[in-house]
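A short write-up of the structure that comes next.
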Amino acid sequence: MGNRIAQWRAARREWKAQWPAQKAEWRASEAARKKRGEPREVLGPPNGFALLPWLLMGMGAVSNLFQGDTPNPWIGGIGVLVFNSLYVSVVFRAFDARSRQSAGTRWSLVALGAVTCALAVGYGGSWLLFFPLLALATGSVVRGRALGPVIGGLSVLAGAVSIWKQGWDGIGIGYGTFVSGMVTAAILALSETVRELRETRQELARTAVERERLRFSRDLHDLLGHTLSVIVVKSEAARRLAPRDLDAALAQVGDIESVGRQALTEIREAVTGYREGSLGTELERARDLLAAAGIEAVVRRSGPPLPSQAEALLGWVVRESVTNAVRHSRARQCEITVDGTAERARLVITDDGVGVGSAADDHVPGSGLAGLTERLAAFGGTLTSGPVATGGFRVTAEVPVEADLPATADR
């Protein structure tokens, strides 16, 4: 008896120790919910308090004790106290996965079953209602395939004891025991599933936000890097031409204005997520940018027409590689070759520069050629880059030519 009381007091101390942390967690979740603008849940997740009111089923036995209808009332009173202590300890442990699976919880449940059987066999009558309470505690602890056999065996035992003590009228105790255990287990399992689904939904939402941020950062890097390089090159050309050829300098200024307007349009499209690149457009832009930088552009294109998704991917590679060549390579010539078959398209960009800057941004995760490598890999493509043995730098990209590529390949 002393051990049971000590166990109940330990469970009570454990609950008091955990209550501040649970309260703080609840307040944090409420603050996060208000920040997201979600409606407040009327009912929270179930806990041990939800199973405490069922102890009122034992009030009939307690009433018999006070009315003197029970023989050996001290033994019955001690049995009720032990039963309630074990019941409270088990149901509160049932809502923590680690405590629920511990050996102490299992042995407490076994002891609860032994006390229930002893009281039911010894007194019968209203004391038989402790069997449904035992089923509630069992349904809150037992999970998986063991639930059916355990609840079934407990129901048979409750029915047999009830029939022995009250005749066939006691068969309802066995049925009530079965229903109590199975319904409790079903409700708690459903609650856990709903909680897991809610956590999964929140995780998916966070993942979607992170992916959109990554897409946006890549698009801005590729757009602004190329556009600013064009503006810088053409501004330098205008500055050089202004003293001797004002008309040519004004033409360069007009090109800068056109590039700026086009950049604004592309940035708006990138923000909304609907930008789709075109390989032909990027090749023309690359030719103009290389010419403005004083680099001879050699563009060769052959092979079958490409779907828009493949063109979008290769267009990003052209934009990034040519931008790097203008900014870093100090090349005199840049050769761009596009060819392929009905299954795969291949893009090769080779310059004769020093090759030190073409991969200068690769060390930044999610930008430059590193980001393009991830984009192509997501759709079954490959991208390799590195210096050429004879001098210069080469970027090679291959993508599958399939009509069913996702429409978001440019992202």
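FYI, nothing fancy with the structure tokens labels: chains A, B, ... in order, residues from 1 per chain, ligands from 1 as they appear.
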task = Tell me which protein, DNA and RNA residues are within 12 Å of region 171-188 of chain A, counting only C-alpha atoms, leaving out same-chain ones fewer than 6 positions away, and put them as an MDAnalysis selection string.
result = chainID A and resid 45:48 50:51 54 91 94:96 120 124:165 194:195
task = Give me the residues within 6 Å of region 297-311 of chain A as a VMD selection string, counting only C-alpha atoms and dropping any in the same chain fewer than 2 places off.
result = chain A and resid 278 to 279 287 313 to 315 334 to 340 409
With C-alpha atoms kept, could you save the residues just selected as a CSV table (one decimal), in the first residue's frame?
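What follows is the written file part02.csv:
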```csv
chain,number,residue,atom,x,y,z
A,278,SER,CA,13.5,31.5,-74.5
A,279,LEU,CA,16.7,30.0,-75.8
A,287,ARG,CA,25.5,37.9,-79.0
A,313,LEU,CA,16.6,25.5,-68.9
A,314,LEU,CA,19.2,26.1,-71.6
A,315,GLY,CA,18.3,29.8,-71.8
A,334,CYS,CA,33.2,32.9,-77.0
A,335,GLU,CA,31.6,30.0,-78.9
A,336,ILE,CA,28.1,28.8,-78.2
A,337,THR,CA,26.9,25.5,-79.7
A,338,VAL,CA,23.4,24.0,-79.4
A,339,ASP,CA,22.7,20.6,-80.9
A,340,GLY,CA,20.9,17.4,-79.9
A,409,ALA,CA,11.2,23.9,-65.5
```
query = Please, what distance in Å, to one decimal, runs between CA of Ala97 (chain A) and CA of Ala189 (chain A)?
reply = 12.3 Å
inquiry  = With DSSP run on the backbone, what are the alpha helix (DSSP H) residues within region 229-371 of chain A? I'd like them as a PyMOL selection string.
reply    = chain A and resi 229-241+246-272+279-292+308-324+368-371
Mind dumping the selected residues with C-alpha atoms as a short mmCIF file (atom, residue, chain, number, x, y, z; two decimals), in the first residue's frame?
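Result file is result_18.cif:
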```
data_model
loop_
_atom_site.label_atom_id
_atom_site.label_comp_id
_atom_site.auth_asym_id
_atom_site.auth_seq_id
_atom_site.Cartn_x
_atom_site.Cartn_y
_atom_site.Cartn_z
CA SER A 229 26.60 43.33 -66.68
CA VAL A 230 24.92 44.57 -69.90
CA ILE A 231 24.35 48.02 -68.39
CA VAL A 232 27.97 48.27 -67.18
CA VAL A 233 29.41 47.18 -70.54
CA LYS A 234 27.20 49.51 -72.57
CA SER A 235 27.85 52.40 -70.16
CA GLU A 236 31.60 51.94 -70.64
CA ALA A 237 31.10 51.85 -74.40
CA ALA A 238 29.01 55.04 -74.28
CA ARG A 239 31.68 56.77 -72.20
CA ARG A 240 34.39 55.79 -74.69
CA LEU A 241 32.33 56.83 -77.74
CA LEU A 246 28.01 61.28 -80.06
CA ASP A 247 25.46 59.42 -82.17
CA ALA A 248 26.99 56.03 -81.39
CA ALA A 249 27.15 56.95 -77.70
CA LEU A 250 23.47 57.92 -77.75
CA ALA A 251 22.68 54.57 -79.39
CA GLN A 252 24.40 52.82 -76.49
CA VAL A 253 22.39 54.93 -74.02
CA GLY A 254 19.22 53.91 -75.84
CA ASP A 255 20.25 50.28 -75.51
CA ILE A 256 20.78 50.83 -71.77
CA GLU A 257 17.26 52.24 -71.48
CA SER A 258 15.84 49.29 -73.41
CA VAL A 259 17.74 46.79 -71.26
CA GLY A 260 16.51 48.52 -68.09
CA ARG A 261 12.89 48.40 -69.20
CA GLN A 262 13.21 44.75 -70.16
CA ALA A 263 14.81 44.01 -66.77
CA LEU A 264 11.87 45.61 -64.97
CA THR A 265 9.47 43.40 -66.91
CA GLU A 266 11.47 40.27 -66.18
CA ILE A 267 11.74 41.08 -62.49
CA ARG A 268 7.96 41.51 -62.28
CA GLU A 269 7.53 38.16 -64.00
CA ALA A 270 10.03 36.55 -61.62
CA VAL A 271 8.16 37.95 -58.61
CA THR A 272 4.88 36.45 -59.82
CA LEU A 279 16.74 30.00 -75.84
CA GLY A 280 16.55 32.01 -79.07
CA THR A 281 16.05 35.26 -77.18
CA GLU A 282 18.90 34.48 -74.80
CA LEU A 283 21.21 33.67 -77.71
CA GLU A 284 20.46 37.04 -79.31
CA ARG A 285 21.05 38.82 -76.04
CA ALA A 286 24.28 36.91 -75.52
CA ARG A 287 25.47 37.92 -79.00
CA ASP A 288 24.76 41.59 -78.29
CA LEU A 289 26.37 41.50 -74.84
CA LEU A 290 29.51 39.78 -76.11
CA ALA A 291 29.80 42.24 -78.99
CA ALA A 292 29.42 45.21 -76.65
CA SER A 308 9.61 25.37 -74.15
CA GLN A 309 10.73 23.67 -70.95
CA ALA A 310 14.07 22.57 -72.40
CA GLU A 311 14.57 25.99 -74.00
CA ALA A 312 13.93 27.64 -70.64
CA LEU A 313 16.57 25.55 -68.91
CA LEU A 314 19.20 26.07 -71.60
CA GLY A 315 18.33 29.77 -71.78
CA TRP A 316 19.25 30.16 -68.11
CA VAL A 317 22.57 28.42 -68.76
CA VAL A 318 23.36 30.76 -71.69
CA ARG A 319 22.50 33.84 -69.62
CA GLU A 320 24.63 32.84 -66.62
CA SER A 321 27.63 31.56 -68.61
CA VAL A 322 27.83 34.56 -70.93
CA THR A 323 27.45 36.94 -67.99
CA ASN A 324 30.35 35.23 -66.23
CA GLY A 368 25.51 30.90 -60.24
CA LEU A 369 26.36 27.65 -61.93
CA ALA A 370 25.75 25.76 -58.68
CA GLY A 371 22.11 26.84 -58.73
#
```
inquiry  = When you look at region 67-81 of chain A with a cut-off of 10 Å (counting only C-alpha atoms), what residues show up, excluding the ones that are within fewer than 2 positions of it in the same chain? I need them as a list in words.
reply    =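 The residues that qualify are Met1, Arg4, Ile5, Gly58, Met59, Ala61, Val62, Ser63, Asn64, Leu65, Phe83, Asn84, Ser85, Leu86, Tyr87, Val115, Thr116, Ala118, Leu119, Gly122, Tyr123, Trp127 and Phe130 of chain A.
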key: Coordinates-based distance that separates CA of Ala325 (chain A) from CA of Leu220 (chain A) (Å, one decimal)   =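 Interatomic distance here is 18.7 Å.
Our summary of the geometry notes that CA of Arg344 (chain A) is positioned 24.5 Å from CA of Arg215 (chain A).
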request  = Write out as an NGL selection string all residues of region 282-356 of chain A that backbone DSSP assigns to strand (DSSP E).
outcome  = :A and (296-301 or 333-340 or 344-351)
